[in-house]
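Participant: First the structure, then my questions, so here it is.
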Amino acid sequence: MERRINARRIALACCSILLLLGASTGRVWSSTPDQAHRALPTPAAGSATAVAAAADGPDLERLAAFRFRSDPIPPKPRPALLAVITRSLPIRARPGSGRVIGVMPAFSKYIHTQTVAWIGARSANGRFGKVTVPYGGTAAAGWISLAGLKLRQTPIVVHAYLARHLITVTRLGRVILRFRAATGSPSSPTPPGSYFVTDRVPENPYGPLGAFAFGISGIQTHLPAGWGGGNQLAIHGTNNPGTIGMSVSAGCLRVSALVLEQLKPLLLLGTPVVIER
């Protein structure tokens with residue numbers, strides 16, 4: 001008789017433990033033998049049942065799994081690598097070999113400023129750098145030799161978003177400037193691409209380019225009829241600030257006089273300029 005009572009007490013204690021475990025983990029066990037230890041289906045996200053379950057407390061099993069899962073830590077943004085070009089260099093399809101797809105000039109196309117090129121990537125041995133072909137009117141990219149070139153770095157990158165008429169300037173991935181810009185008109189749209197600053201030119205504050213222009217390594221291949229102002233793309237000011245935020249230019253990016261003053265100390269030669277649709 002005493003053994004039966006003890007067995008009954010043990011069974012009741014086990015049931016109590018299972019009920020406590022079920023309450024703590026959010027699982028419910030059936031009392032029928034064929035359903036024992038089988039969890040009920042997880043409620044759909046956003047359902048009333050799921051909201052109620054979340055209100056009751058955390059799922060301890062999931063928290064434990066999360067604690068022991070090693071999620072990769074995203075790498076910190078690195079400065080952009082630049083190279084001072086001292087001689088014209090062939091741009092090849094592969095690092096150190098392949099056909100020549102363009103030329104990296106020692107000087108800019110029109111102003112003849114010494115070229116400082118943005119190196120988008122380096123080869124595994126570090127001897128070659130990947131660049132976009134400047135002044136080519138295409139998105140072609142290839143490799144130049146870095147032998148003998150002085151290398152620099154910049155934490156600054158410019159991003160232009162044409163559909164939003166928006167330009168952002170980041171420092172090591174963090175946005176430090178955000179401003180509106182005029183972009184190319186429907187008949188002469190600003191060509192998207194990866195470019196770099198090639199020239200820094202003071203201009204007439206009352207002229208169409210405003211007080212300053214940053215020439216970049218791209219060209220406009222769809223110039224307006226009768227246009228005589230050259231085909232190099234640039235970020236510059238304007239004597240018509242009312243057009244900022246509109247699609248009205250021949251392809252350049254127009255910004256305000258105040259923005260120009262903020263950009264002068266940031267956009268040095270070689271600074272990456274990425275233009276997206």
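Note on naming: chains are A, B, ... as they come in the structure tokens, residues start from 1 per chain, ligands start from 1 in the order shown.
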Quick one: everything within 7 Å of stretch 201-208 of chain A, counting only C-alpha atoms, minus sequence neighbours fewer than 3 positions away in the same chain. Send it as a PDB file with N, CA and C atoms, in the first residue's frame.

Facilitator:
ATOM      1  N   ALA A 211      30.305  79.004 -58.018  1.00  0.00           N
ATOM      2  CA  ALA A 211      31.640  79.407 -57.580  1.00  0.00           C
ATOM      3  C   ALA A 211      32.689  78.312 -57.684  1.00  0.00           C
ATOM      4  N   PHE A 212      32.272  77.050 -57.895  1.00  0.00           N
ATOM      5  CA  PHE A 212      33.264  75.967 -57.884  1.00  0.00           C
ATOM      6  C   PHE A 212      32.726  74.778 -58.665  1.00  0.00           C
ATOM      7  N   ALA A 213      33.655  74.001 -59.251  1.00  0.00           N
ATOM      8  CA  ALA A 213      33.285  72.785 -59.982  1.00  0.00           C
ATOM      9  C   ALA A 213      34.251  71.658 -59.632  1.00  0.00           C
ATOM     10  N   PHE A 214      33.692  70.493 -59.394  1.00  0.00           N
ATOM     11  CA  PHE A 214      34.481  69.281 -59.187  1.00  0.00           C
ATOM     12  C   PHE A 214      34.309  68.410 -60.429  1.00  0.00           C
ATOM     13  N   THR A 238      25.440  76.700 -59.374  1.00  0.00           N
ATOM     14  CA  THR A 238      24.523  77.189 -60.396  1.00  0.00           C
ATOM     15  C   THR A 238      24.136  78.635 -60.096  1.00  0.00           C
ATOM     16  N   ASN A 239      23.836  79.384 -61.147  1.00  0.00           N
ATOM     17  CA  ASN A 239      23.291  80.733 -60.962  1.00  0.00           C
ATOM     18  C   ASN A 239      21.770  80.722 -61.054  1.00  0.00           C
TER      19      ASN A 239
END

Participant: Please provide as number ranges by chain all residues within 9 Å of A:Cys252, with the sequence filter that same-chain residues fewer than 3 positions apart are discarded (counting only C-alpha atoms).

Facilitator: A: 182-184, 189-190, 220, 232-236, 249

Participant: Measure the distance from atom CA of A:Leu81 to atom CA of A:Gly98 in Å and round it to one decimal.

Facilitator: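 One can read the atom CA of A:Leu81 to atom CA of A:Gly98 distance as 23.4 Å.
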
Participant: Using only C-alpha atoms, determine which residues lie at most 9 Å from A:Gly218, disregarding the query and same-chain residues fewer than 5 positions distant; provide the list as a PyMOL selection string.

Facilitator: chain A and resi 133-138+191+193-196+231-234

Participant: Convert the current residue selection to file output with C-alpha atoms, as a PDB file, in the first residue's frame.

Facilitator:
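Saved the output as again.pdb:
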ATOM      1  CA  VAL A 133      37.930  53.324 -67.467  1.00  0.00           C
ATOM      2  CA  PRO A 134      37.876  57.164 -67.262  1.00  0.00           C
ATOM      3  CA  TYR A 135      36.212  59.319 -69.925  1.00  0.00           C
ATOM      4  CA  GLY A 136      35.032  56.206 -71.760  1.00  0.00           C
ATOM      5  CA  GLY A 137      31.287  56.694 -71.633  1.00  0.00           C
ATOM      6  CA  THR A 138      30.858  53.090 -70.452  1.00  0.00           C
ATOM      7  CA  PRO A 191      24.882  58.578 -66.761  1.00  0.00           C
ATOM      8  CA  GLY A 193      28.524  54.809 -62.950  1.00  0.00           C
ATOM      9  CA  SER A 194      31.531  54.724 -60.654  1.00  0.00           C
ATOM     10  CA  TYR A 195      33.752  57.795 -61.042  1.00  0.00           C
ATOM     11  CA  PHE A 196      36.347  59.788 -59.114  1.00  0.00           C
ATOM     12  CA  ASN A 231      31.127  66.663 -72.271  1.00  0.00           C
ATOM     13  CA  GLN A 232      32.908  66.090 -68.950  1.00  0.00           C
ATOM     14  CA  LEU A 233      30.623  65.394 -65.995  1.00  0.00           C
ATOM     15  CA  ALA A 234      30.962  67.496 -62.853  1.00  0.00           C
TER      16      ALA A 234
END

Participant: Just want the 12 Å neighbourhood of A:Arg200, counted on only C-alpha atoms, with same-chain residues fewer than 4 positions away dropped. Output as a count of residues only.

Facilitator: 27

Participant: Which residue gives the smallest distance to A:Ile144 among A:Ile156, A:Ile91, A:Ala121, A:Ile101, with only C-alpha atoms counted?

Facilitator: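 Closest residue, counting only C-alpha atoms: A:Ile91.
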
Participant: One decimal, in Å: what's the spacing between atom CA of A:Gly126 and atom CA of A:Pro72?

Facilitator: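 The value is 25.8 Å.
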
Participant: Env of A:Leu89: 9 Å cut, atoms = only C-alpha atoms, seq-sep filter 3 positions within chain, self excluded. Answer as a list of chain:residue names.

Facilitator: A:Ile85, A:Thr86, A:Gly102, A:Val103, A:Met104, A:Pro105, A:Ala106, A:Ile144, A:Ser145

Participant: Write the residues you've just listed into a file as a PDB file, in the first residue's frame, and include C-alpha atoms for each of them.

Facilitator:
ATOM      1  CA  ILE A  85      49.174  58.316 -61.632  1.00  0.00           C
ATOM      2  CA  THR A  86      52.580  59.513 -62.856  1.00  0.00           C
ATOM      3  CA  GLY A 102      41.374  51.528 -71.863  1.00  0.00           C
ATOM      4  CA  VAL A 103      44.017  53.917 -70.616  1.00  0.00           C
ATOM      5  CA  MET A 104      44.491  55.600 -67.251  1.00  0.00           C
ATOM      6  CA  PRO A 105      45.965  58.994 -68.195  1.00  0.00           C
ATOM      7  CA  ALA A 106      48.512  60.843 -66.098  1.00  0.00           C
ATOM      8  CA  ILE A 144      46.383  48.754 -63.779  1.00  0.00           C
ATOM      9  CA  SER A 145      49.823  48.068 -62.349  1.00  0.00           C
TER      10      SER A 145
END

Participant: Which residue is closest to A:Val158? Choose from A:Ala80, A:Ile73, A:Ala139, A:Leu146 and count only C-alpha atoms.

Facilitator: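 Smallest separation from A:Val158 among the options: A:Ala80.
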
Participant: Taking only C-alpha atoms into account, name the residue in A:Val100, A:Leu82, A:Ala93, A:Ala257 that is nearest to A:Val157.

Facilitator: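 Counting only C-alpha atoms, the residue closest to A:Val157 is A:Leu82.
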
Participant: With distances taken over only C-alpha atoms, which of A:Val116, A:Arg277, A:Ala124, A:Pro90 is nearest to A:Trp143?

Facilitator: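 Counting only C-alpha atoms, the residue closest to A:Trp143 is A:Pro90.
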
Participant: Rank nothing, just name the residue among A:Leu151, A:Val131, A:Arg78, A:Pro192 nearest to A:Gly173, using only C-alpha atoms.

Facilitator: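 Answer, going by the shortest atom-to-atom distance: A:Arg78.
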
Participant: Please identify all polymer residues within 6 Å of A:Ser188, counting only C-alpha atoms, omitting same-chain residues fewer than 2 positions from it, and present them as a list of chain:residue names.

Facilitator: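 Residues near the query, excluding close chain neighbours: A:Gly184, A:Ser185, A:Pro186, A:His222, A:Leu223, A:Ala250, A:Gly251.
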
Participant: Would you output that residue set with N, CA and C atoms, as a PDB file, in the first residue's frame?

Facilitator:
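Ended up saving to out.pdb:
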ATOM      1  N   GLY A 184      20.512  65.475 -64.737  1.00  0.00           N
ATOM      2  CA  GLY A 184      20.313  65.580 -66.172  1.00  0.00           C
ATOM      3  C   GLY A 184      18.846  65.545 -66.576  1.00  0.00           C
ATOM      4  N   SER A 185      18.538  66.238 -67.650  1.00  0.00           N
ATOM      5  CA  SER A 185      17.164  66.274 -68.154  1.00  0.00           C
ATOM      6  C   SER A 185      16.823  64.935 -68.816  1.00  0.00           C
ATOM      7  N   PRO A 186      15.549  64.679 -69.102  1.00  0.00           N
ATOM      8  CA  PRO A 186      15.178  63.422 -69.763  1.00  0.00           C
ATOM      9  C   PRO A 186      15.893  63.193 -71.087  1.00  0.00           C
ATOM     10  N   HIS A 222      25.150  61.872 -74.350  1.00  0.00           N
ATOM     11  CA  HIS A 222      23.887  62.333 -74.937  1.00  0.00           C
ATOM     12  C   HIS A 222      23.712  63.826 -74.660  1.00  0.00           C
ATOM     13  N   LEU A 223      24.560  64.611 -75.270  1.00  0.00           N
ATOM     14  CA  LEU A 223      24.506  66.059 -75.049  1.00  0.00           C
ATOM     15  C   LEU A 223      23.304  66.679 -75.755  1.00  0.00           C
ATOM     16  N   ALA A 250      22.490  69.316 -68.386  1.00  0.00           N
ATOM     17  CA  ALA A 250      23.010  68.553 -69.526  1.00  0.00           C
ATOM     18  C   ALA A 250      23.637  67.238 -69.078  1.00  0.00           C
ATOM     19  N   GLY A 251      23.606  66.987 -67.790  1.00  0.00           N
ATOM     20  CA  GLY A 251      24.159  65.745 -67.242  1.00  0.00           C
ATOM     21  C   GLY A 251      24.900  65.941 -65.938  1.00  0.00           C
TER      22      GLY A 251
END

Participant: Run DSSP on the backbone and tell me which residues of stretch 233-275 of chain A come out as strand (DSSP E); list them as number ranges by chain.

Facilitator: A: 233-236, 247-249, 253-254, 272-275

Participant: Write the residues you've just listed into a file as a PDB file, in the first residue's frame, and include N, CA and C atoms for each of them.

Facilitator:
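Written out: result_2.pdb:
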ATOM      1  N   LEU A 233      31.575  65.287 -67.102  1.00  0.00           N
ATOM      2  CA  LEU A 233      30.623  65.394 -65.995  1.00  0.00           C
ATOM      3  C   LEU A 233      31.274  66.110 -64.810  1.00  0.00           C
ATOM      4  N   ALA A 234      30.449  66.767 -64.009  1.00  0.00           N
ATOM      5  CA  ALA A 234      30.962  67.496 -62.853  1.00  0.00           C
ATOM      6  C   ALA A 234      29.874  67.671 -61.811  1.00  0.00           C
ATOM      7  N   ILE A 235      30.309  67.957 -60.607  1.00  0.00           N
ATOM      8  CA  ILE A 235      29.435  68.461 -59.544  1.00  0.00           C
ATOM      9  C   ILE A 235      29.781  69.935 -59.407  1.00  0.00           C
ATOM     10  N   HIS A 236      28.832  70.818 -59.625  1.00  0.00           N
ATOM     11  CA  HIS A 236      29.143  72.250 -59.605  1.00  0.00           C
ATOM     12  C   HIS A 236      27.961  73.048 -59.087  1.00  0.00           C
ATOM     13  N   SER A 247      15.164  67.766 -62.852  1.00  0.00           N
ATOM     14  CA  SER A 247      15.924  67.099 -63.921  1.00  0.00           C
ATOM     15  C   SER A 247      16.044  68.061 -65.098  1.00  0.00           C
ATOM     16  N   VAL A 248      17.091  68.886 -65.080  1.00  0.00           N
ATOM     17  CA  VAL A 248      17.162  69.980 -66.052  1.00  0.00           C
ATOM     18  C   VAL A 248      18.540  70.184 -66.674  1.00  0.00           C
ATOM     19  N   SER A 249      19.586  69.529 -66.168  1.00  0.00           N
ATOM     20  CA  SER A 249      20.935  69.831 -66.629  1.00  0.00           C
ATOM     21  C   SER A 249      21.296  69.028 -67.873  1.00  0.00           C
ATOM     22  N   LEU A 253      25.720  67.486 -62.078  1.00  0.00           N
ATOM     23  CA  LEU A 253      24.962  67.587 -60.838  1.00  0.00           C
ATOM     24  C   LEU A 253      25.143  68.992 -60.287  1.00  0.00           C
ATOM     25  N   ARG A 254      24.049  69.751 -60.196  1.00  0.00           N
ATOM     26  CA  ARG A 254      24.092  71.126 -59.704  1.00  0.00           C
ATOM     27  C   ARG A 254      23.696  71.162 -58.231  1.00  0.00           C
ATOM     28  N   PRO A 272      35.981  58.985 -54.504  1.00  0.00           N
ATOM     29  CA  PRO A 272      34.995  58.216 -55.260  1.00  0.00           C
ATOM     30  C   PRO A 272      33.650  58.944 -55.367  1.00  0.00           C
ATOM     31  N   VAL A 273      33.053  58.877 -56.554  1.00  0.00           N
ATOM     32  CA  VAL A 273      31.718  59.434 -56.805  1.00  0.00           C
ATOM     33  C   VAL A 273      30.905  58.338 -57.481  1.00  0.00           C
ATOM     34  N   VAL A 274      29.929  57.794 -56.772  1.00  0.00           N
ATOM     35  CA  VAL A 274      29.104  56.708 -57.299  1.00  0.00           C
ATOM     36  C   VAL A 274      27.715  57.278 -57.619  1.00  0.00           C
ATOM     37  N   ILE A 275      27.333  57.193 -58.886  1.00  0.00           N
ATOM     38  CA  ILE A 275      26.038  57.722 -59.326  1.00  0.00           C
ATOM     39  C   ILE A 275      25.116  56.555 -59.652  1.00  0.00           C
TER      40      ILE A 275
END
